[in-house]
Structures are given as structure tokens and as C-alpha cells.
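Asks: So I've got this file, structure.cif, and it contains mmCIF, C-alpha atoms:
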```
data_start
#
loop_
_atom_site.label_atom_id
_atom_site.label_comp_id
_atom_site.auth_asym_id
_atom_site.auth_seq_id
_atom_site.Cartn_x
_atom_site.Cartn_y
_atom_site.Cartn_z
CA MET A 1 -164.81 88.10 -17.55
CA ASP A 2 -166.92 85.12 -16.48
CA VAL A 3 -165.82 84.99 -12.84
CA ILE A 4 -167.59 81.71 -12.06
CA ARG A 5 -165.87 80.00 -14.99
CA GLU A 6 -162.54 81.51 -13.93
CA VAL A 7 -162.89 80.05 -10.43
CA GLN A 8 -163.89 76.68 -11.89
CA GLU A 9 -160.77 76.65 -14.09
CA ARG A 10 -158.45 77.69 -11.26
CA ILE A 11 -159.87 75.20 -8.75
CA ALA A 12 -159.46 72.36 -11.27
CA LYS A 13 -155.76 72.30 -10.28
CA TYR A 14 -156.86 70.93 -6.89
CA PRO A 15 -158.59 67.58 -7.47
CA GLN A 16 -159.39 67.18 -3.76
CA ALA A 17 -161.60 70.29 -3.85
CA GLN A 18 -165.35 69.73 -3.94
CA VAL A 19 -167.34 72.42 -5.71
CA ARG A 20 -171.01 73.36 -5.91
CA ARG A 21 -171.84 75.63 -8.81
CA SER A 22 -174.73 77.49 -10.41
CA LEU A 23 -174.79 80.27 -13.02
CA THR A 24 -174.28 82.99 -10.40
CA HIS A 25 -172.66 81.19 -7.46
CA ILE A 26 -169.75 78.88 -6.74
CA GLU A 27 -168.87 77.30 -3.41
CA ILE A 28 -165.71 75.40 -2.52
CA LEU A 29 -166.41 73.02 0.37
CA PRO A 30 -163.87 72.46 3.15
CA VAL A 31 -161.44 69.60 2.57
CA ALA A 32 -160.78 69.02 6.30
CA ALA A 33 -163.05 69.01 9.36
CA ASP A 34 -161.44 72.22 10.66
CA GLY A 35 -161.91 74.05 7.35
CA PHE A 36 -164.67 76.36 6.15
CA SER A 37 -166.61 76.83 2.93
CA VAL A 38 -165.58 79.65 0.60
CA SER A 39 -168.03 81.02 -1.92
CA LEU A 40 -168.47 83.70 -4.54
CA ARG A 41 -171.79 85.11 -5.72
CA VAL A 42 -172.21 87.33 -8.79
CA ALA A 43 -175.05 89.86 -8.99
CA ALA A 44 -174.92 92.40 -11.83
CA ASP A 45 -171.50 94.05 -11.47
CA ARG A 46 -171.06 93.13 -7.79
CA PHE A 47 -169.15 90.17 -6.40
CA GLY A 48 -169.77 88.80 -2.92
CA VAL A 49 -167.21 86.54 -1.27
CA SER A 50 -168.08 84.68 1.91
CA TYR A 51 -166.29 82.41 4.33
CA GLU A 52 -169.06 80.70 6.31
CA GLY A 53 -170.73 83.73 8.00
CA TRP A 54 -168.04 86.32 7.16
CA HIS A 55 -168.57 88.21 3.90
CA GLU A 56 -167.27 91.08 1.80
CA ASP A 57 -168.57 92.73 -1.40
CA PHE A 58 -166.39 93.84 -4.31
CA ASP A 59 -166.83 95.91 -7.48
CA ASP A 60 -163.64 94.54 -9.03
CA PRO A 61 -163.71 90.88 -10.11
CA THR A 62 -159.93 90.53 -9.65
CA GLU A 63 -160.20 91.62 -6.01
CA ALA A 64 -163.02 89.13 -5.48
CA LEU A 65 -160.94 86.32 -7.00
CA ASP A 66 -157.97 87.25 -4.81
CA CYS A 67 -160.19 87.23 -1.72
CA LEU A 68 -161.62 83.84 -2.68
CA ALA A 69 -158.11 82.39 -3.15
CA PHE A 70 -156.97 83.91 0.17
CA GLY A 71 -159.78 82.08 1.97
CA LEU A 72 -158.52 78.78 0.57
CA SER A 73 -154.93 79.45 1.64
CA ASP A 74 -153.08 78.60 4.83
CA ALA A 75 -152.37 82.34 5.34
CA CYS A 76 -156.01 82.86 6.32
CA ARG A 77 -158.10 81.60 9.21
CA LEU A 78 -161.55 82.27 10.57
CA LYS A 79 -162.22 82.88 14.26
CA VAL A 80 -165.79 81.76 14.98
CA CYS A 81 -167.57 82.77 18.19
CA SER A 82 -170.66 80.91 19.30
CA ARG A 83 -173.06 80.87 22.23
CA GLY A 84 -174.80 77.62 23.08
CA GLY A 85 -173.69 76.12 19.77
CA PHE A 86 -175.10 79.08 17.77
CA ASP A 87 -172.46 80.83 15.60
CA TYR A 88 -172.86 84.60 15.76
CA LYS A 89 -169.50 86.24 14.97
CA TRP A 90 -166.86 85.51 12.31
CA THR A 91 -163.49 87.29 12.31
CA LEU A 92 -161.12 87.04 9.37
CA GLU A 93 -157.49 86.71 10.45
CA SER A 94 -154.32 86.78 8.35
CA ARG A 95 -150.85 85.53 9.18
CA GLU A 96 -148.26 88.29 9.28
CA SER A 97 -144.68 87.56 10.32
CA GLY A 98 -145.80 84.37 12.04
CA ASP A 99 -148.57 86.04 14.08
CA TRP A 100 -152.33 86.01 13.46
CA VAL A 101 -153.77 89.49 12.97
CA GLU A 102 -157.51 90.26 12.99
CA ASP A 103 -158.75 91.89 9.80
CA SER A 104 -162.53 92.31 9.81
CA THR A 105 -165.55 90.90 11.59
CA THR A 106 -169.09 90.04 10.55
CA GLY A 107 -171.63 89.39 13.27
CA LEU A 108 -175.29 88.95 14.08
CA LEU A 109 -177.17 91.36 16.32
CA LEU A 110 -179.46 88.76 17.84
CA PHE A 111 -177.95 85.67 19.43
CA PRO A 112 -178.39 83.75 22.71
CA PHE A 113 -175.92 85.87 24.72
CA TRP A 114 -176.90 84.12 27.96
CA ARG A 115 -175.62 80.73 26.76
CA SER A 116 -172.05 79.49 27.25
CA ALA A 117 -169.41 81.01 24.97
CA ARG A 118 -167.03 79.11 22.72
CA VAL A 119 -164.36 80.21 20.25
CA ARG A 120 -162.97 77.98 17.53
CA TYR A 121 -160.56 78.55 14.69
CA LEU A 122 -161.14 77.24 11.17
CA GLN A 123 -158.52 77.15 8.45
CA ASN A 124 -158.26 75.90 4.91
CA ARG A 125 -154.95 74.61 3.60
CA LEU A 126 -155.85 73.97 -0.02
CA ILE A 127 -153.39 76.62 -1.27
CA SER A 128 -150.00 77.16 0.34
CA ALA A 129 -149.16 80.84 0.82
CA ASP A 130 -145.48 79.98 0.33
CA SER A 131 -145.99 78.83 -3.26
#
```
Show me, as C-alpha cells, the structure contained in the file I just sent.
Replies:
Amino acid sequence: MDVIREVQERIAKYPQAQVRRSLTHIEILPVAADGFSVSLRVAADRFGVSYEGWHEDFDDPTEALDCLAFGLSDACRLKVCSRGGFDYKWTLESRESGDWVEDSTTGLLLFPFWRSARVRYLQNRLISADS
């Protein structure tokens, strides 16, 4: 399965989506200011999906495609923590029974911890989870 081509074909249903593509990488840019980029990178038989700074690796291309689609849906959001304007922690959250539940976190070890903290929430709404 050519995963990059598969993503390209699926995303074609959404004309408002802007895509950057190479042979081994595809990135869907946020449609709104409060959205985040979603990308997939292929290396040998591994598939890496990332939402801004959050990322997860997969062996199964179907799981990677599902994760990519989830990041584009309104059932997913990204909690981004920053210090002094420097993003250092990204937490994936999913909507369950109307509540947001934290799933997994990716973070940096070195960041300006002495600067003022800020938390913001980013969400894509390209795909409706109800459809």
C-alpha cells in the first residue's frame, strides 16, 4: 500500500485542505488559526504521525491512517503548553461522552521553565466525528 498516495486520495474530498507532499512525507496544514498541522512520514516499514510537536510511530499503515484522520477530526484536540512563547509539551486529547480526556503527551526536556506559562488548545474540524 502506498500510504502517501492513499492520504492524497482521501484528502482530495476536502478541497479546503492544503497539502505539502514529498515521496516519503505528507503534511495537511491547518485550515483555521486555532488548528494544527497533521503529518505522516514513511521510513521503511514504519509510519510516523505527528500533530505539531506530538508524535506516534506505527508498524501498521492502517493504524497510521486512522491516527492521521483522527487528528483532522473534531473529536481530537491538542493541548499545547509553552513557557515564554516556547512550546515544550503537547498532549493529545479525545472527546469521550462530551468530555475531553488526555491520551498521551510528548514533551521536551529542555525549555525555559523560568518564563511565564501558557496553555492553549488547538483543534482541527476538517472531518466531523459524527459523520
Asks: Using all atoms listed in the file, which residue out of A:Leu78, A:Leu40, A:Cys67, A:Ile127 lies closest to Ile26 (chain A)?
Replies: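 Looking at the shortest contact to Ile26 (chain A), the residue is A:Leu40.
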Asks: Given 5 Å of margin on each side, can you work out the centre and size in Å (one decimal) of an axis-aligned box holding every listed atom of region 106-113 of chain A, as JSON?
Replies:
```
{"center_x": -174.3, "center_y": 87.6, "center_z": 17.6, "size_x": 20.4, "size_y": 17.6, "size_z": 24.2}
```
Asks: Could you expand the PyMOL selection byres ((chain A and resi 101-105) around 9) into the explicit residues it covers here, written as a PyMOL selection string?
Replies: chain A and resi 54-55+79+89-96+99-100+106-107
Asks: Quick one: residues within 9 Å of (-169.3, 83.6, 2.3) (file frame), counting all atoms listed in the file, please, as a ChimeraX atom specification.
Replies: /A:27,37-41,48-56
Asks: List as an MDAnalysis selection string the protein and nucleic acid residues near Ser128 (chain A), meaning an atom at most 12 Å away when all atoms listed in the file are counted, but skip any in the same chain fewer than 5 places from it.
Replies: chainID A and resid 14 69:76 123
Asks: What is the CA of Asn124 (chain A) to CA of Gly35 (chain A) distance in Å?
Replies: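 If I compute the distance from CA of Asn124 (chain A) to CA of Gly35 (chain A), I get 4.8 Å.
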Asks: Report, in Å with one decimal, the straight-line distance from CA of Tyr121 (chain A) to CA of Val31 (chain A).
Replies: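 Separation of CA of Tyr121 (chain A) and CA of Val31 (chain A): 15.1 Å.
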Asks: Would you work out the distance separating CA of Leu65 (chain A) from CA of Asp130 (chain A), expressed in Å to one decimal?
Replies: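 These atoms are spaced 18.2 Å apart.
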Asks: Please list as a ChimeraX atom specification every residue within 8 Å of region 84-87 of chain A, counting all atoms listed in the file and excluding residues in the same chain fewer than 4 positions away.
Replies: /A:80,111-112,115-118
Asks: Return the single residue from A:Ile11, A:Gln18, A:Ser82, A:Met1 that is closest to Trp114 (chain A), with distances computed using only C-alpha atoms.
Replies: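 Smallest separation from Trp114 (chain A) among the options: A:Ser82.
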Asks: Between A:Thr24, A:Gln16, A:Ser97, A:Thr62, which is the closest to Ala44 (chain A) once you count all atoms listed in the file?
Replies: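 The shortest atom-to-atom distance to Ala44 (chain A) comes from A:Thr24.
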Asks: Can you take the partial region 10-21 of chain A, add all heavy atoms, and return it as a short mmCIF file (atom, residue, chain, number, x, y, z; two decimals), keeping the file's coordinate frame?
Replies:
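Below is the file that was written, selection-v9.cif:
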```
data_model
loop_
_atom_site.label_atom_id
_atom_site.label_comp_id
_atom_site.auth_asym_id
_atom_site.auth_seq_id
_atom_site.Cartn_x
_atom_site.Cartn_y
_atom_site.Cartn_z
N ARG A 10 -159.55 77.63 -12.22
CA ARG A 10 -158.45 77.69 -11.26
C ARG A 10 -158.52 76.55 -10.24
O ARG A 10 -157.50 75.98 -9.87
CB ARG A 10 -158.45 79.03 -10.52
CG ARG A 10 -158.07 80.19 -11.38
CD ARG A 10 -158.03 81.46 -10.58
NE ARG A 10 -157.78 82.62 -11.40
CZ ARG A 10 -157.51 83.83 -10.93
NH1 ARG A 10 -157.46 84.03 -9.62
NH2 ARG A 10 -157.31 84.83 -11.75
N ILE A 11 -159.71 76.22 -9.78
CA ILE A 11 -159.87 75.20 -8.75
C ILE A 11 -159.65 73.80 -9.32
O ILE A 11 -159.39 72.85 -8.57
CB ILE A 11 -161.24 75.33 -8.05
CG1 ILE A 11 -161.20 74.73 -6.64
CG2 ILE A 11 -162.36 74.72 -8.85
CD1 ILE A 11 -160.39 75.50 -5.66
N ALA A 12 -159.70 73.67 -10.63
CA ALA A 12 -159.46 72.36 -11.27
C ALA A 12 -158.06 71.83 -10.99
O ALA A 12 -157.82 70.63 -11.07
CB ALA A 12 -159.71 72.46 -12.77
N LYS A 13 -157.13 72.71 -10.62
CA LYS A 13 -155.76 72.30 -10.28
C LYS A 13 -155.71 71.53 -8.96
O LYS A 13 -154.68 70.96 -8.62
CB LYS A 13 -154.84 73.52 -10.18
CG LYS A 13 -154.60 74.21 -11.49
CD LYS A 13 -153.54 75.28 -11.34
CE LYS A 13 -154.19 76.59 -10.96
NZ LYS A 13 -153.25 77.72 -10.91
N TYR A 14 -156.81 71.57 -8.21
CA TYR A 14 -156.86 70.93 -6.89
C TYR A 14 -157.94 69.85 -6.92
O TYR A 14 -159.10 70.10 -6.59
CB TYR A 14 -157.17 71.99 -5.82
CG TYR A 14 -156.17 73.12 -5.84
CD1 TYR A 14 -156.43 74.28 -6.57
CD2 TYR A 14 -154.97 73.01 -5.16
CE1 TYR A 14 -155.50 75.32 -6.61
CE2 TYR A 14 -154.04 74.04 -5.19
CZ TYR A 14 -154.31 75.19 -5.92
OH TYR A 14 -153.39 76.21 -5.96
N PRO A 15 -157.58 68.64 -7.31
CA PRO A 15 -158.59 67.58 -7.47
C PRO A 15 -159.32 67.20 -6.18
O PRO A 15 -160.42 66.68 -6.23
CB PRO A 15 -157.78 66.39 -8.02
CG PRO A 15 -156.36 66.69 -7.71
CD PRO A 15 -156.24 68.18 -7.62
N GLN A 16 -158.73 67.49 -5.02
CA GLN A 16 -159.39 67.18 -3.76
C GLN A 16 -160.51 68.17 -3.42
O GLN A 16 -161.33 67.91 -2.55
CB GLN A 16 -158.37 67.10 -2.61
CG GLN A 16 -157.73 68.42 -2.23
CD GLN A 16 -156.49 68.80 -3.03
OE1 GLN A 16 -156.42 68.54 -4.23
NE2 GLN A 16 -155.53 69.44 -2.39
N ALA A 17 -160.58 69.28 -4.12
CA ALA A 17 -161.60 70.29 -3.85
C ALA A 17 -162.96 69.84 -4.38
O ALA A 17 -163.08 69.36 -5.50
CB ALA A 17 -161.22 71.61 -4.51
N GLN A 18 -163.97 70.00 -3.54
CA GLN A 18 -165.35 69.73 -3.94
C GLN A 18 -166.05 71.06 -4.17
O GLN A 18 -165.96 71.96 -3.34
CB GLN A 18 -166.08 68.93 -2.88
CG GLN A 18 -165.53 67.55 -2.66
CD GLN A 18 -166.31 66.81 -1.61
OE1 GLN A 18 -167.23 67.33 -0.99
NE2 GLN A 18 -165.94 65.56 -1.39
N VAL A 19 -166.76 71.15 -5.30
CA VAL A 19 -167.34 72.42 -5.71
C VAL A 19 -168.84 72.25 -5.97
O VAL A 19 -169.27 71.26 -6.56
CB VAL A 19 -166.65 72.92 -7.00
CG1 VAL A 19 -167.29 74.19 -7.52
CG2 VAL A 19 -165.17 73.12 -6.76
N ARG A 20 -169.60 73.23 -5.53
CA ARG A 20 -171.01 73.36 -5.91
C ARG A 20 -171.09 74.61 -6.77
O ARG A 20 -170.54 75.65 -6.41
CB ARG A 20 -171.90 73.54 -4.69
CG ARG A 20 -172.00 72.33 -3.82
CD ARG A 20 -173.00 72.59 -2.71
NE ARG A 20 -172.94 71.54 -1.73
CZ ARG A 20 -173.20 71.70 -0.45
NH1 ARG A 20 -173.55 72.89 0.01
NH2 ARG A 20 -173.13 70.69 0.39
N ARG A 21 -171.83 74.51 -7.87
CA ARG A 21 -171.84 75.63 -8.81
C ARG A 21 -173.22 75.84 -9.40
O ARG A 21 -173.95 74.89 -9.66
CB ARG A 21 -170.85 75.33 -9.93
CG ARG A 21 -170.82 76.40 -10.96
CD ARG A 21 -169.94 76.05 -12.11
NE ARG A 21 -170.09 77.11 -13.11
CZ ARG A 21 -169.53 77.12 -14.26
NH1 ARG A 21 -168.73 76.13 -14.62
NH2 ARG A 21 -169.73 78.11 -15.11
#
```
